[in-house]
$ cat coords29.csv   # CSV, N, CA and C atoms
chain,number,residue,atom,x,y,z
A,1,MET,N,2.4,-33.3,45.1
A,1,MET,CA,1.4,-33.7,44.2
A,1,MET,C,0.4,-32.6,44.0
A,2,ILE,N,0.0,-31.9,45.0
A,2,ILE,CA,-1.0,-30.8,44.9
A,2,ILE,C,-0.3,-29.6,44.1
A,3,MET,N,1.0,-29.4,44.4
A,3,MET,CA,1.7,-28.3,43.7
A,3,MET,C,1.8,-28.6,42.2
A,4,ASN,N,2.0,-29.9,41.8
A,4,ASN,CA,2.0,-30.3,40.4
A,4,ASN,C,0.7,-30.0,39.7
A,5,LYS,N,-0.4,-30.3,40.4
A,5,LYS,CA,-1.8,-30.0,39.8
A,5,LYS,C,-1.9,-28.5,39.7
A,6,ILE,N,-1.5,-27.7,40.7
A,6,ILE,CA,-1.6,-26.2,40.6
A,6,ILE,C,-0.8,-25.7,39.4
A,7,ARG,N,0.4,-26.2,39.2
A,7,ARG,CA,1.3,-25.8,38.1
A,7,ARG,C,0.6,-26.2,36.8
A,8,MET,N,0.0,-27.4,36.7
A,8,MET,CA,-0.6,-27.8,35.4
A,8,MET,C,-1.8,-26.9,35.1
A,9,ILE,N,-2.6,-26.5,36.1
A,9,ILE,CA,-3.7,-25.6,35.9
A,9,ILE,C,-3.2,-24.2,35.5
A,10,ALA,N,-2.2,-23.7,36.2
A,10,ALA,CA,-1.7,-22.4,35.8
A,10,ALA,C,-1.1,-22.4,34.4
A,11,LEU,N,-0.4,-23.5,34.0
A,11,LEU,CA,0.1,-23.6,32.7
A,11,LEU,C,-1.0,-23.7,31.6
A,12,ALA,N,-2.0,-24.4,31.9
A,12,ALA,CA,-3.1,-24.5,31.0
A,12,ALA,C,-3.8,-23.2,30.8
A,13,ALA,N,-4.0,-22.5,31.9
A,13,ALA,CA,-4.7,-21.1,31.8
A,13,ALA,C,-3.8,-20.2,31.1
A,14,ALA,N,-2.5,-20.2,31.3
A,14,ALA,CA,-1.6,-19.3,30.6
A,14,ALA,C,-1.6,-19.6,29.1
A,15,THR,N,-1.6,-20.9,28.7
A,15,THR,CA,-1.6,-21.3,27.3
A,15,THR,C,-2.9,-20.8,26.6
A,16,ALA,N,-4.0,-21.0,27.3
A,16,ALA,CA,-5.3,-20.6,26.7
A,16,ALA,C,-5.3,-19.1,26.6
A,17,THR,N,-4.8,-18.3,27.5
A,17,THR,CA,-4.8,-16.9,27.4
A,17,THR,C,-3.9,-16.4,26.3
A,18,ILE,N,-2.8,-17.0,26.1
A,18,ILE,CA,-1.9,-16.6,25.0
A,18,ILE,C,-2.5,-17.0,23.7
A,19,GLY,N,-3.1,-18.2,23.6
A,19,GLY,CA,-3.8,-18.6,22.4
A,19,GLY,C,-4.9,-17.7,22.0
A,20,LEU,N,-5.7,-17.2,22.9
A,20,LEU,CA,-6.8,-16.3,22.6
A,20,LEU,C,-6.3,-14.9,22.2
A,21,ALA,N,-5.2,-14.5,22.9
A,21,ALA,CA,-4.6,-13.2,22.5
A,21,ALA,C,-4.1,-13.2,21.1
A,22,GLY,N,-3.5,-14.3,20.7
A,22,GLY,CA,-3.0,-14.5,19.3
A,22,GLY,C,-4.2,-14.5,18.3
A,23,PHE,N,-5.3,-15.1,18.7
A,23,PHE,CA,-6.4,-15.2,17.8
A,23,PHE,C,-7.0,-13.8,17.6
A,24,SER,N,-7.2,-13.1,18.7
A,24,SER,CA,-7.8,-11.7,18.5
A,24,SER,C,-6.9,-10.8,17.7
A,25,SER,N,-5.6,-10.9,17.9
A,25,SER,CA,-4.7,-10.0,17.2
A,25,SER,C,-4.7,-10.3,15.7
A,26,SER,N,-4.8,-11.6,15.4
A,26,SER,CA,-4.8,-12.0,13.9
A,26,SER,C,-6.1,-11.5,13.3
A,27,SER,N,-7.2,-11.6,14.1
A,27,SER,CA,-8.5,-11.0,13.6
A,27,SER,C,-8.4,-9.5,13.3
A,28,PHE,N,-7.8,-8.9,14.3
A,28,PHE,CA,-7.6,-7.4,14.1
A,28,PHE,C,-6.7,-7.1,12.9
A,29,ALA,N,-5.7,-7.9,12.7
A,29,ALA,CA,-4.8,-7.7,11.5
A,29,ALA,C,-5.6,-7.9,10.2
A,30,ALA,N,-6.4,-8.9,10.2
A,30,ALA,CA,-7.1,-9.2,9.0
A,30,ALA,C,-8.2,-8.1,8.7
A,31,GLU,N,-8.8,-7.5,9.7
A,31,GLU,CA,-9.8,-6.5,9.5
A,31,GLU,C,-9.1,-5.2,9.1
A,32,ASN,N,-7.9,-5.0,9.5
A,32,ASN,CA,-7.2,-3.7,9.2
A,32,ASN,C,-6.1,-3.9,8.0
A,33,ALA,N,-6.1,-5.0,7.4
A,33,ALA,CA,-5.2,-5.2,6.3
A,33,ALA,C,-5.6,-4.3,5.1
A,34,ARG,N,-4.6,-3.7,4.5
A,34,ARG,CA,-4.8,-2.7,3.4
A,34,ARG,C,-4.7,-3.5,2.1
A,35,ILE,N,-5.7,-3.2,1.2
A,35,ILE,CA,-5.6,-3.8,-0.2
A,35,ILE,C,-4.4,-3.1,-0.9
A,36,SER,N,-3.7,-3.8,-1.7
A,36,SER,CA,-2.6,-3.3,-2.4
A,36,SER,C,-3.0,-2.3,-3.5
A,37,TRP,N,-2.1,-1.5,-3.9
A,37,TRP,CA,-2.4,-0.5,-5.0
A,37,TRP,C,-2.8,-1.2,-6.3
A,38,SER,N,-2.1,-2.3,-6.6
A,38,SER,CA,-2.3,-3.0,-7.9
A,38,SER,C,-3.7,-3.7,-7.8
A,39,ALA,N,-4.0,-4.3,-6.6
A,39,ALA,CA,-5.3,-5.0,-6.5
A,39,ALA,C,-6.4,-4.0,-6.6
A,40,LEU,N,-6.3,-2.9,-6.0
A,40,LEU,CA,-7.3,-1.9,-6.0
A,40,LEU,C,-7.5,-1.3,-7.4
A,41,THR,N,-6.4,-1.0,-8.2
A,41,THR,CA,-6.6,-0.5,-9.5
A,41,THR,C,-7.3,-1.6,-10.4
A,42,THR,N,-6.9,-2.8,-10.2
A,42,THR,CA,-7.6,-3.9,-11.0
A,42,THR,C,-9.1,-4.0,-10.7
A,43,LYS,N,-9.4,-3.9,-9.4
A,43,LYS,CA,-10.8,-3.9,-9.0
A,43,LYS,C,-11.6,-2.8,-9.6
A,44,LEU,N,-11.0,-1.6,-9.5
A,44,LEU,CA,-11.7,-0.4,-10.0
A,44,LEU,C,-11.9,-0.5,-11.5
A,45,GLU,N,-10.9,-0.9,-12.2
A,45,GLU,CA,-11.0,-1.0,-13.7
A,45,GLU,C,-12.0,-2.1,-14.1
A,46,GLN,N,-12.0,-3.2,-13.4
A,46,GLN,CA,-13.0,-4.2,-13.7
A,46,GLN,C,-14.4,-3.8,-13.4
A,47,SER,N,-14.5,-2.8,-12.5
A,47,SER,CA,-15.9,-2.2,-12.2
A,47,SER,C,-16.3,-1.2,-13.2
A,48,GLY,N,-15.4,-0.9,-14.2
A,48,GLY,CA,-15.7,0.0,-15.3
A,48,GLY,C,-15.2,1.5,-15.1
A,49,PHE,N,-14.4,1.7,-14.1
A,49,PHE,CA,-13.9,3.0,-13.8
A,49,PHE,C,-12.5,3.2,-14.6
A,50,LYS,N,-12.3,4.4,-15.1
A,50,LYS,CA,-11.0,4.8,-15.6
A,50,LYS,C,-10.4,5.7,-14.5
A,51,ILE,N,-9.2,5.3,-14.1
A,51,ILE,CA,-8.6,5.9,-12.9
A,51,ILE,C,-7.8,7.1,-13.4
A,52,ARG,N,-8.1,8.3,-12.8
A,52,ARG,CA,-7.3,9.5,-13.1
A,52,ARG,C,-6.3,9.8,-12.1
A,53,GLU,N,-6.6,9.5,-10.8
A,53,GLU,CA,-5.7,9.7,-9.7
A,53,GLU,C,-6.1,8.7,-8.6
A,54,LEU,N,-5.1,8.2,-7.9
A,54,LEU,CA,-5.3,7.3,-6.8
A,54,LEU,C,-4.3,7.7,-5.6
A,55,ASP,N,-4.9,8.1,-4.5
A,55,ASP,CA,-4.1,8.5,-3.4
A,55,ASP,C,-4.3,7.6,-2.2
A,56,GLU,N,-3.3,7.2,-1.5
A,56,GLU,CA,-3.4,6.4,-0.3
A,56,GLU,C,-3.6,7.4,0.9
A,57,LYS,N,-4.6,7.1,1.7
A,57,LYS,CA,-4.9,7.9,2.8
A,57,LYS,C,-4.8,7.1,4.1
A,58,HIS,N,-4.8,7.7,5.2
A,58,HIS,CA,-4.7,6.9,6.5
A,58,HIS,C,-5.8,5.9,6.6
A,59,GLU,N,-7.0,6.4,6.3
A,59,GLU,CA,-8.2,5.6,6.5
A,59,GLU,C,-8.5,4.7,5.3
A,60,GLY,N,-7.8,4.8,4.2
A,60,GLY,CA,-8.0,4.0,3.1
A,60,GLY,C,-7.4,4.6,1.8
A,61,TRP,N,-8.3,4.9,0.9
A,61,TRP,CA,-7.9,5.5,-0.4
A,61,TRP,C,-8.8,6.5,-0.9
A,62,LYS,N,-8.4,7.4,-1.7
A,62,LYS,CA,-9.2,8.4,-2.4
A,62,LYS,C,-8.9,8.3,-3.9
A,63,ALA,N,-9.9,8.1,-4.7
A,63,ALA,CA,-9.6,8.0,-6.2
A,63,ALA,C,-10.5,9.0,-6.9
A,64,GLU,N,-9.8,9.5,-7.9
A,64,GLU,CA,-10.6,10.4,-8.9
A,64,GLU,C,-10.7,9.5,-10.2
A,65,VAL,N,-11.9,9.3,-10.6
A,65,VAL,CA,-12.2,8.3,-11.7
A,65,VAL,C,-13.2,8.9,-12.7
A,66,ILE,N,-13.3,8.3,-13.8
A,66,ILE,CA,-14.4,8.5,-14.8
A,66,ILE,C,-15.2,7.2,-14.9
A,67,ASP,N,-16.5,7.4,-14.7
A,67,ASP,CA,-17.3,6.2,-14.7
A,67,ASP,C,-17.7,5.8,-16.2
A,68,LYS,N,-18.6,4.8,-16.3
A,68,LYS,CA,-19.0,4.3,-17.6
A,68,LYS,C,-19.8,5.4,-18.4
A,69,ASN,N,-20.4,6.4,-17.7
A,69,ASN,CA,-21.2,7.4,-18.3
A,69,ASN,C,-20.3,8.7,-18.6
A,70,ASN,N,-19.0,8.6,-18.5
A,70,ASN,CA,-18.1,9.7,-18.6
A,70,ASN,C,-18.2,10.8,-17.6
A,71,GLN,N,-18.7,10.4,-16.4
A,71,GLN,CA,-18.9,11.3,-15.3
A,71,GLN,C,-17.7,11.2,-14.4
A,72,ARG,N,-17.1,12.4,-14.0
A,72,ARG,CA,-16.0,12.4,-13.1
A,72,ARG,C,-16.5,12.3,-11.7
A,73,LEU,N,-15.9,11.3,-11.0
A,73,LEU,CA,-16.3,11.1,-9.6
A,73,LEU,C,-15.0,11.1,-8.7
A,74,LYS,N,-15.3,11.4,-7.4
A,74,LYS,CA,-14.3,11.1,-6.4
A,74,LYS,C,-14.8,9.9,-5.6
A,75,LEU,N,-14.0,8.9,-5.4
A,75,LEU,CA,-14.4,7.8,-4.6
A,75,LEU,C,-13.6,7.7,-3.3
A,76,TYR,N,-14.2,7.4,-2.3
A,76,TYR,CA,-13.6,7.2,-1.0
A,76,TYR,C,-13.7,5.7,-0.7
A,77,ILE,N,-12.5,5.1,-0.5
A,77,ILE,CA,-12.5,3.7,-0.4
A,77,ILE,C,-11.8,3.3,0.9
A,78,ASP,N,-12.4,2.3,1.6
A,78,ASP,CA,-11.8,1.8,2.9
A,78,ASP,C,-10.6,1.0,2.6
A,79,ARG,N,-9.9,0.6,3.7
A,79,ARG,CA,-8.7,-0.2,3.6
A,79,ARG,C,-8.8,-1.5,2.9
A,80,GLN,N,-10.0,-2.1,2.9
A,80,GLN,CA,-10.2,-3.4,2.3
A,80,GLN,C,-10.6,-3.2,0.8
A,81,GLY,N,-10.8,-2.0,0.3
A,81,GLY,CA,-11.1,-1.8,-1.1
A,81,GLY,C,-12.6,-1.6,-1.4
A,82,ASN,N,-13.4,-1.4,-0.4
A,82,ASN,CA,-14.8,-1.1,-0.6
A,82,ASN,C,-15.1,0.3,-0.7
A,83,ILE,N,-15.9,0.7,-1.7
A,83,ILE,CA,-16.2,2.1,-1.9
A,83,ILE,C,-17.2,2.5,-0.8
A,84,THR,N,-16.8,3.5,0.0
A,84,THR,CA,-17.7,3.9,1.1
A,84,THR,C,-18.5,5.2,0.8
A,85,ARG,N,-18.0,6.0,-0.1
A,85,ARG,CA,-18.6,7.2,-0.5
A,85,ARG,C,-18.2,7.6,-1.9
A,86,GLN,N,-19.1,8.3,-2.6
A,86,GLN,CA,-18.7,8.8,-3.9
A,86,GLN,C,-19.4,10.2,-4.1
A,87,LYS,N,-18.7,11.0,-4.8
A,87,LYS,CA,-19.4,12.3,-5.1
A,87,LYS,C,-18.9,12.8,-6.5
A,88,VAL,N,-19.7,13.6,-7.1
A,88,VAL,CA,-19.3,14.1,-8.4
A,88,VAL,C,-18.1,15.1,-8.2
A,89,ASP,N,-17.1,14.9,-9.1
A,89,ASP,CA,-15.9,15.7,-9.1
A,89,ASP,C,-16.1,16.9,-10.0
A,90,ASP,N,-16.2,18.1,-9.4
A,90,ASP,CA,-16.4,19.3,-10.3
A,90,ASP,C,-15.1,19.7,-11.0
$ encode --input "coords29.csv" --output "structure tokens"
Amino acid sequence: MIMNKIRMIALAAATATIGLAGFSSSSFAAENARISWSALTTKLEQSGFKIRELDEKHEGWKAEVIDKNNQRLKLYIDRQGNITRQKVDD
């Protein structure tokens, strides 16, 4: 009887641990998911950029674009598609 209770507690603890591990890994995967090339080009074009070049980098993307004012820019974009830095492209 006592052994059955111990087994039940151990099983419940193992199940909870496995469930939490799965939850944290799915959160990690969602945070590190990469936006697709087509989704990123659509997003940039809808923001008014004309894309000259788009390169996939380890940390995200680098884009050479022309903005609404015909200024050439380099955009540094994270894995989720957010512009993290921009500079004038000489």
$ closest_residue --input "coords29.csv" --among "A:Lys68, A:Arg79, A:Lys57, A:Lys50" --to "Ser36 (chain A)" --atoms "only N, CA and C atoms"
A:Arg79
$ atom_distance --input "coords29.csv" --atom1 "atom C of Asp67 (chain A)" --atom2 "CA of Arg34 (chain A)"
25.0 Å
$ atom_distance --input "coords29.csv" --atom1 "CA of Glu53 (chain A)" --atom2 "atom N of Val65 (chain A)"
6.3 Å
$ residues_around --input "coords29.csv" --residues "Val88 (chain A)" --least-positions-apart "6" --cutoff "7 Å" --atoms "all atoms listed in the file" --output "ChimeraX atom specification"
/A:71-74
$ atom_distance --input "coords29.csv" --atom1 "atom C of Gly48 (chain A)" --atom2 "atom N of Ala33 (chain A)"
25.1 Å
$ closest_residue --input "coords29.csv" --among "A:Trp37, A:Thr42, A:Asn70, A:Gly81" --to "Leu54 (chain A)" --atoms "only C-alpha atoms"
A:Trp37
$ closest_residue --input "coords29.csv" --among "A:His58, A:Gln86, A:Asn69, A:Ile77" --to "Thr41 (chain A)" --atoms "only C-alpha atoms"
A:Ile77
